[in-house]
Amino acid sequence: MTPATVGAPGSARRSLHSLWLLSARDLRVRYSTSALGYLWSVLDPLVMSGIYWFVFTQVFHRTVGEEPYIVFLITALLPWVWFNSAVTDFTKAFKKDARLVRSTSIPRSIWVTRIVLSKGIEFLFSIPVLVLFAVFGGAQVSWGILLFPVAMLLQSALLVGLGLIVAPLCVMFGDLERTTRLILRALFYASPIIYGVGNLPGIFADLAAFNPLAGIFTLYRVGFFPDQWDALTVSVGAAVSVGILVVGMWVFPRLERPVLKEL
């Protein structure tokens, strides 16, 4: 491939080409070393959905969510897997490829954005599972399905912002990697995945709006469950997501030099 094809060094075209190559490498490594390959993109959320569906519909009397509950679960669990796996990989984004990070001239932020892109592609691969359950589960599709790409865009912005903050901090503070995992466990239950924002009592519904995932998951769900729409949650979630992106873009350049010294 010629320099004219990939762009001059330091150009936006060269950076985009590098981003795609690194993301494609992640996907190849993930699927080429696994016998199940693509199925891993759907097995985790599928098993989790099955467990929660069984517990809340067959064992206990469910008072949260909407019918069909399995679709209600999957519409949030699929993007949660994208979020969780991306943030987990952020904690070792630079350590994993320390030699390349030090020696290459491409923008170091690409080591964060390539995780968002590769995990986002895996999320897209898992959408057929949602479609199948929606069709066979009898879910109704409304105008809100048009907001699905908006949810993906906001989640991408949120993840890039978090990655630009978490990735360099994890290099500088080793204990932050384990701390991040604990935070993710708590965040799973603090986010409207097995329940909806409307199921929260009193002030908790208002507090949930400040969790950007609440607004994002609402956008994913509203195409199948119009009653889940909550303007406050969506608006605050969008504002917080963009705010975190802005903070990440401000913080990352200031941490880049200390990170290179640590690697």
# chains A, B, ... in the order shown; residues from 1 in each chain; ligands from 1
call {"tool": "residues_around", "arguments": {"residues": "Ser49 of chain A", "least_positions_apart": "2", "cutoff": "7 Å", "atoms": "only C-alpha atoms", "output": "number ranges by chain"}}
result
A: 45-47, 51-53, 70, 73-74
call {"tool": "select_by_dssp", "arguments": {"residues": "segment 32-263 of chain A", "states": "alpha helix (DSSP H)", "output": "MDAnalysis selection string"}}
result
chainID A and resid 32 40:54 69:90 98:103 110:137 148:172 176:190 203:208 212:221 231:262
call {"tool": "closest_residue", "arguments": {"among": "A:Thr88, A:Ser126, A:Gln155, A:Gln228", "to": "Leu43 of chain A", "atoms": "only C-alpha atoms"}}
result
A:Ser126
call {"tool": "closest_atom_pairs", "arguments": {"of": "segment 92-159 of chain A", "to": "segment 214-224 of chain A", "cutoff": "8 Å", "atoms": "only C-alpha atoms", "output": "JSON lines"}}
result
{"residue": "A:Ala139", "atom": "CA", "partner": "A:Phe224", "partner_atom": "CA", "distance": 6.3}
{"residue": "A:Gln140", "atom": "CA", "partner": "A:Phe224", "partner_atom": "CA", "distance": 5.6}
{"residue": "A:Val141", "atom": "CA", "partner": "A:Phe224", "partner_atom": "CA", "distance": 4.9}
{"residue": "A:Ser142", "atom": "CA", "partner": "A:Gly223", "partner_atom": "CA", "distance": 5.1}
{"residue": "A:Trp143", "atom": "CA", "partner": "A:Gly223", "partner_atom": "CA", "distance": 6.2}
{"residue": "A:Gly144", "atom": "CA", "partner": "A:Gly223", "partner_atom": "CA", "distance": 3.8}
{"residue": "A:Ile145", "atom": "CA", "partner": "A:Gly223", "partner_atom": "CA", "distance": 3.8}
{"residue": "A:Leu146", "atom": "CA", "partner": "A:Gly223", "partner_atom": "CA", "distance": 7.2}
{"residue": "A:Leu147", "atom": "CA", "partner": "A:Leu219", "partner_atom": "CA", "distance": 5.9}
{"residue": "A:Phe148", "atom": "CA", "partner": "A:Tyr220", "partner_atom": "CA", "distance": 5.2}
{"residue": "A:Val150", "atom": "CA", "partner": "A:Leu219", "partner_atom": "CA", "distance": 7.5}
{"residue": "A:Ala151", "atom": "CA", "partner": "A:Ile216", "partner_atom": "CA", "distance": 5.3}
{"residue": "A:Met152", "atom": "CA", "partner": "A:Ile216", "partner_atom": "CA", "distance": 8.0}
{"residue": "A:Leu154", "atom": "CA", "partner": "A:Ile216", "partner_atom": "CA", "distance": 6.9}
{"residue": "A:Gln155", "atom": "CA", "partner": "A:Ile216", "partner_atom": "CA", "distance": 6.7}
call {"tool": "residues_around", "arguments": {"residues": "Leu169 of chain A", "least_positions_apart": "6", "cutoff": "10 Å", "atoms": "only C-alpha atoms", "output": "list in words"}}
result
Phe90, Thr91, Gly163, Asp175, Leu176, Glu177, Phe252, Leu255, Glu256, Pro258 and Val259 of chain A
call {"tool": "residues_around", "arguments": {"residues": "Val87 of chain A", "least_positions_apart": "2", "cutoff": "9 Å", "atoms": "only C-alpha atoms", "output": "number ranges by chain"}}
result
A: 82-85, 89-91, 115-116, 159, 162-163, 166-167, 180-181, 184
call {"tool": "write_last_selection", "arguments": {"atoms": "N, CA, C and O atoms", "output": "PDB file, in the first residue's frame"}}
result
ATOM      1  N   TRP A  82     -20.970  -3.861  25.378  1.00  0.00           N
ATOM      2  CA  TRP A  82     -20.070  -2.969  24.651  1.00  0.00           C
ATOM      3  C   TRP A  82     -19.363  -2.024  25.624  1.00  0.00           C
ATOM      4  O   TRP A  82     -18.142  -1.880  25.594  1.00  0.00           O
ATOM      5  N   PHE A  83     -20.139  -1.402  26.503  1.00  0.00           N
ATOM      6  CA  PHE A  83     -19.586  -0.452  27.472  1.00  0.00           C
ATOM      7  C   PHE A  83     -18.621  -1.139  28.420  1.00  0.00           C
ATOM      8  O   PHE A  83     -17.484  -0.683  28.626  1.00  0.00           O
ATOM      9  N   ASN A  84     -19.029  -2.232  29.006  1.00  0.00           N
ATOM     10  CA  ASN A  84     -18.240  -2.933  30.009  1.00  0.00           C
ATOM     11  C   ASN A  84     -16.926  -3.452  29.430  1.00  0.00           C
ATOM     12  O   ASN A  84     -15.857  -3.285  30.038  1.00  0.00           O
ATOM     13  N   SER A  85     -16.993  -4.083  28.265  1.00  0.00           N
ATOM     14  CA  SER A  85     -15.780  -4.648  27.667  1.00  0.00           C
ATOM     15  C   SER A  85     -14.820  -3.552  27.222  1.00  0.00           C
ATOM     16  O   SER A  85     -13.592  -3.705  27.337  1.00  0.00           O
ATOM     17  N   ASP A  89     -11.055  -2.885  28.788  1.00  0.00           N
ATOM     18  CA  ASP A  89      -9.857  -2.851  27.941  1.00  0.00           C
ATOM     19  C   ASP A  89      -9.105  -1.525  28.053  1.00  0.00           C
ATOM     20  O   ASP A  89      -7.896  -1.479  27.820  1.00  0.00           O
ATOM     21  N   PHE A  90      -9.811  -0.450  28.402  1.00  0.00           N
ATOM     22  CA  PHE A  90      -9.133   0.841  28.582  1.00  0.00           C
ATOM     23  C   PHE A  90      -8.054   0.738  29.656  1.00  0.00           C
ATOM     24  O   PHE A  90      -7.015   1.393  29.572  1.00  0.00           O
ATOM     25  N   THR A  91      -8.313  -0.068  30.682  1.00  0.00           N
ATOM     26  CA  THR A  91      -7.395  -0.132  31.817  1.00  0.00           C
ATOM     27  C   THR A  91      -6.030  -0.687  31.437  1.00  0.00           C
ATOM     28  O   THR A  91      -5.054  -0.493  32.168  1.00  0.00           O
ATOM     29  N   ILE A 115     -10.287   0.737  20.548  1.00  0.00           N
ATOM     30  CA  ILE A 115     -11.066  -0.152  21.417  1.00  0.00           C
ATOM     31  C   ILE A 115     -12.552   0.140  21.263  1.00  0.00           C
ATOM     32  O   ILE A 115     -13.367  -0.781  21.134  1.00  0.00           O
ATOM     33  N   VAL A 116     -12.908   1.425  21.243  1.00  0.00           N
ATOM     34  CA  VAL A 116     -14.306   1.807  21.077  1.00  0.00           C
ATOM     35  C   VAL A 116     -14.830   1.293  19.748  1.00  0.00           C
ATOM     36  O   VAL A 116     -15.948   0.764  19.664  1.00  0.00           O
ATOM     37  N   LEU A 159     -17.765   6.704  25.631  1.00  0.00           N
ATOM     38  CA  LEU A 159     -16.658   5.764  25.767  1.00  0.00           C
ATOM     39  C   LEU A 159     -15.321   6.397  25.402  1.00  0.00           C
ATOM     40  O   LEU A 159     -14.318   6.169  26.081  1.00  0.00           O
ATOM     41  N   LEU A 162     -14.340   8.604  28.322  1.00  0.00           N
ATOM     42  CA  LEU A 162     -13.884   7.806  29.460  1.00  0.00           C
ATOM     43  C   LEU A 162     -12.523   7.180  29.180  1.00  0.00           C
ATOM     44  O   LEU A 162     -11.656   7.132  30.053  1.00  0.00           O
ATOM     45  N   GLY A 163     -12.347   6.694  27.948  1.00  0.00           N
ATOM     46  CA  GLY A 163     -11.081   6.060  27.597  1.00  0.00           C
ATOM     47  C   GLY A 163      -9.910   7.019  27.678  1.00  0.00           C
ATOM     48  O   GLY A 163      -8.821   6.648  28.143  1.00  0.00           O
ATOM     49  N   VAL A 166      -9.441   7.240  31.577  1.00  0.00           N
ATOM     50  CA  VAL A 166      -9.110   6.009  32.300  1.00  0.00           C
ATOM     51  C   VAL A 166      -7.784   5.410  31.837  1.00  0.00           C
ATOM     52  O   VAL A 166      -6.954   4.992  32.663  1.00  0.00           O
ATOM     53  N   ALA A 167      -7.563   5.337  30.520  1.00  0.00           N
ATOM     54  CA  ALA A 167      -6.369   4.657  29.993  1.00  0.00           C
ATOM     55  C   ALA A 167      -5.067   5.239  30.529  1.00  0.00           C
ATOM     56  O   ALA A 167      -4.210   4.495  31.028  1.00  0.00           O
ATOM     57  N   THR A 180     -11.491   0.053  38.810  1.00  0.00           N
ATOM     58  CA  THR A 180     -12.420   0.201  37.681  1.00  0.00           C
ATOM     59  C   THR A 180     -13.339  -1.003  37.564  1.00  0.00           C
ATOM     60  O   THR A 180     -14.538  -0.861  37.304  1.00  0.00           O
ATOM     61  N   ARG A 181     -12.807  -2.184  37.777  1.00  0.00           N
ATOM     62  CA  ARG A 181     -13.629  -3.394  37.704  1.00  0.00           C
ATOM     63  C   ARG A 181     -14.709  -3.395  38.783  1.00  0.00           C
ATOM     64  O   ARG A 181     -15.849  -3.801  38.529  1.00  0.00           O
ATOM     65  N   LEU A 184     -17.414  -0.966  37.781  1.00  0.00           N
ATOM     66  CA  LEU A 184     -18.265  -1.513  36.717  1.00  0.00           C
ATOM     67  C   LEU A 184     -19.308  -2.470  37.283  1.00  0.00           C
ATOM     68  O   LEU A 184     -20.452  -2.491  36.814  1.00  0.00           O
TER      69      LEU A 184
END
call {"tool": "closest_residue", "arguments": {"among": "A:Ala208, A:Pro68, A:Ile110, A:Pro149", "to": "Val135 of chain A", "atoms": "only C-alpha atoms"}}
result
A:Pro68
call {"tool": "decode", "arguments": {"residues": "segment 107-118 of chain A", "atoms": "all heavy atoms", "output": "PDB file, in the first residue's frame"}}
result
ATOM      1  N   PRO A 107      -1.148   9.317  16.595  1.00  0.00           N
ATOM      2  CA  PRO A 107      -1.693   9.895  17.837  1.00  0.00           C
ATOM      3  C   PRO A 107      -1.998   8.813  18.874  1.00  0.00           C
ATOM      4  O   PRO A 107      -2.607   7.797  18.539  1.00  0.00           O
ATOM      5  CB  PRO A 107      -2.969  10.595  17.361  1.00  0.00           C
ATOM      6  CG  PRO A 107      -2.738  10.880  15.921  1.00  0.00           C
ATOM      7  CD  PRO A 107      -1.915   9.735  15.407  1.00  0.00           C
ATOM      8  N   ARG A 108      -1.555   9.013  20.104  1.00  0.00           N
ATOM      9  CA  ARG A 108      -1.762   7.993  21.141  1.00  0.00           C
ATOM     10  C   ARG A 108      -3.231   7.789  21.474  1.00  0.00           C
ATOM     11  O   ARG A 108      -3.617   6.748  22.006  1.00  0.00           O
ATOM     12  CB  ARG A 108      -1.000   8.375  22.407  1.00  0.00           C
ATOM     13  CG  ARG A 108       0.418   7.833  22.462  1.00  0.00           C
ATOM     14  CD  ARG A 108       1.385   8.732  21.769  1.00  0.00           C
ATOM     15  NE  ARG A 108       2.699   8.125  21.608  1.00  0.00           N
ATOM     16  CZ  ARG A 108       3.765   8.827  21.234  1.00  0.00           C
ATOM     17  NH1 ARG A 108       3.664  10.131  21.017  1.00  0.00           N
ATOM     18  NH2 ARG A 108       4.925   8.215  21.063  1.00  0.00           N
ATOM     19  N   SER A 109      -4.058   8.782  21.173  1.00  0.00           N
ATOM     20  CA  SER A 109      -5.497   8.627  21.441  1.00  0.00           C
ATOM     21  C   SER A 109      -6.105   7.497  20.624  1.00  0.00           C
ATOM     22  O   SER A 109      -7.164   6.957  20.978  1.00  0.00           O
ATOM     23  CB  SER A 109      -6.230   9.939  21.133  1.00  0.00           C
ATOM     24  OG  SER A 109      -6.031  10.320  19.778  1.00  0.00           O
ATOM     25  N   ILE A 110      -5.440   7.113  19.525  1.00  0.00           N
ATOM     26  CA  ILE A 110      -5.950   6.030  18.686  1.00  0.00           C
ATOM     27  C   ILE A 110      -5.971   4.711  19.453  1.00  0.00           C
ATOM     28  O   ILE A 110      -6.810   3.841  19.187  1.00  0.00           O
ATOM     29  CB  ILE A 110      -5.118   5.913  17.391  1.00  0.00           C
ATOM     30  CG1 ILE A 110      -5.497   7.056  16.442  1.00  0.00           C
ATOM     31  CG2 ILE A 110      -5.314   4.562  16.708  1.00  0.00           C
ATOM     32  CD1 ILE A 110      -4.752   7.055  15.127  1.00  0.00           C
ATOM     33  N   TRP A 111      -5.095   4.568  20.451  1.00  0.00           N
ATOM     34  CA  TRP A 111      -5.080   3.327  21.228  1.00  0.00           C
ATOM     35  C   TRP A 111      -6.326   3.209  22.104  1.00  0.00           C
ATOM     36  O   TRP A 111      -6.654   2.126  22.583  1.00  0.00           O
ATOM     37  CB  TRP A 111      -3.819   3.264  22.092  1.00  0.00           C
ATOM     38  CG  TRP A 111      -2.592   3.253  21.242  1.00  0.00           C
ATOM     39  CD1 TRP A 111      -1.812   4.323  20.920  1.00  0.00           C
ATOM     40  CD2 TRP A 111      -2.033   2.133  20.545  1.00  0.00           C
ATOM     41  NE1 TRP A 111      -0.804   3.938  20.074  1.00  0.00           N
ATOM     42  CE2 TRP A 111      -0.896   2.607  19.831  1.00  0.00           C
ATOM     43  CE3 TRP A 111      -2.368   0.781  20.472  1.00  0.00           C
ATOM     44  CZ2 TRP A 111      -0.116   1.770  19.045  1.00  0.00           C
ATOM     45  CZ3 TRP A 111      -1.577  -0.052  19.696  1.00  0.00           C
ATOM     46  CH2 TRP A 111      -0.470   0.438  18.995  1.00  0.00           C
ATOM     47  N   VAL A 112      -6.997   4.322  22.295  1.00  0.00           N
ATOM     48  CA  VAL A 112      -8.276   4.323  22.999  1.00  0.00           C
ATOM     49  C   VAL A 112      -9.429   4.164  22.007  1.00  0.00           C
ATOM     50  O   VAL A 112     -10.305   3.314  22.185  1.00  0.00           O
ATOM     51  CB  VAL A 112      -8.454   5.634  23.803  1.00  0.00           C
ATOM     52  CG1 VAL A 112      -9.887   5.770  24.311  1.00  0.00           C
ATOM     53  CG2 VAL A 112      -7.487   5.673  24.968  1.00  0.00           C
ATOM     54  N   THR A 113      -9.419   4.971  20.947  1.00  0.00           N
ATOM     55  CA  THR A 113     -10.534   4.947  19.995  1.00  0.00           C
ATOM     56  C   THR A 113     -10.639   3.626  19.250  1.00  0.00           C
ATOM     57  O   THR A 113     -11.733   3.227  18.860  1.00  0.00           O
ATOM     58  CB  THR A 113     -10.417   6.109  18.987  1.00  0.00           C
ATOM     59  OG1 THR A 113      -9.118   6.088  18.382  1.00  0.00           O
ATOM     60  CG2 THR A 113     -10.602   7.448  19.683  1.00  0.00           C
ATOM     61  N   ARG A 114      -9.513   2.924  19.076  1.00  0.00           N
ATOM     62  CA  ARG A 114      -9.596   1.628  18.383  1.00  0.00           C
ATOM     63  C   ARG A 114     -10.354   0.608  19.225  1.00  0.00           C
ATOM     64  O   ARG A 114     -11.010  -0.291  18.693  1.00  0.00           O
ATOM     65  CB  ARG A 114      -8.209   1.121  18.024  1.00  0.00           C
ATOM     66  CG  ARG A 114      -7.230   0.960  19.200  1.00  0.00           C
ATOM     67  CD  ARG A 114      -7.006  -0.458  19.619  1.00  0.00           C
ATOM     68  NE  ARG A 114      -6.058  -0.521  20.722  1.00  0.00           N
ATOM     69  CZ  ARG A 114      -5.672  -1.661  21.284  1.00  0.00           C
ATOM     70  NH1 ARG A 114      -6.139  -2.816  20.867  1.00  0.00           N
ATOM     71  NH2 ARG A 114      -4.832  -1.629  22.304  1.00  0.00           N
ATOM     72  N   ILE A 115     -10.287   0.737  20.548  1.00  0.00           N
ATOM     73  CA  ILE A 115     -11.066  -0.152  21.417  1.00  0.00           C
ATOM     74  C   ILE A 115     -12.552   0.140  21.263  1.00  0.00           C
ATOM     75  O   ILE A 115     -13.367  -0.781  21.134  1.00  0.00           O
ATOM     76  CB  ILE A 115     -10.629   0.011  22.882  1.00  0.00           C
ATOM     77  CG1 ILE A 115      -9.201  -0.481  23.073  1.00  0.00           C
ATOM     78  CG2 ILE A 115     -11.589  -0.729  23.824  1.00  0.00           C
ATOM     79  CD1 ILE A 115      -8.638  -0.239  24.465  1.00  0.00           C
ATOM     80  N   VAL A 116     -12.908   1.425  21.243  1.00  0.00           N
ATOM     81  CA  VAL A 116     -14.306   1.807  21.077  1.00  0.00           C
ATOM     82  C   VAL A 116     -14.830   1.293  19.748  1.00  0.00           C
ATOM     83  O   VAL A 116     -15.948   0.764  19.664  1.00  0.00           O
ATOM     84  CB  VAL A 116     -14.470   3.340  21.159  1.00  0.00           C
ATOM     85  CG1 VAL A 116     -15.927   3.734  20.944  1.00  0.00           C
ATOM     86  CG2 VAL A 116     -13.962   3.860  22.498  1.00  0.00           C
ATOM     87  N   LEU A 117     -14.027   1.430  18.691  1.00  0.00           N
ATOM     88  CA  LEU A 117     -14.463   1.001  17.358  1.00  0.00           C
ATOM     89  C   LEU A 117     -14.604  -0.510  17.262  1.00  0.00           C
ATOM     90  O   LEU A 117     -15.627  -1.013  16.786  1.00  0.00           O
ATOM     91  CB  LEU A 117     -13.468   1.500  16.303  1.00  0.00           C
ATOM     92  CG  LEU A 117     -13.774   1.102  14.850  1.00  0.00           C
ATOM     93  CD1 LEU A 117     -15.150   1.619  14.434  1.00  0.00           C
ATOM     94  CD2 LEU A 117     -12.696   1.632  13.910  1.00  0.00           C
ATOM     95  N   SER A 118     -13.605  -1.261  17.729  1.00  0.00           N
ATOM     96  CA  SER A 118     -13.665  -2.718  17.610  1.00  0.00           C
ATOM     97  C   SER A 118     -14.792  -3.301  18.455  1.00  0.00           C
ATOM     98  O   SER A 118     -15.525  -4.194  18.010  1.00  0.00           O
ATOM     99  CB  SER A 118     -12.324  -3.347  18.010  1.00  0.00           C
ATOM    100  OG  SER A 118     -11.998  -3.054  19.356  1.00  0.00           O
TER     101      SER A 118
END
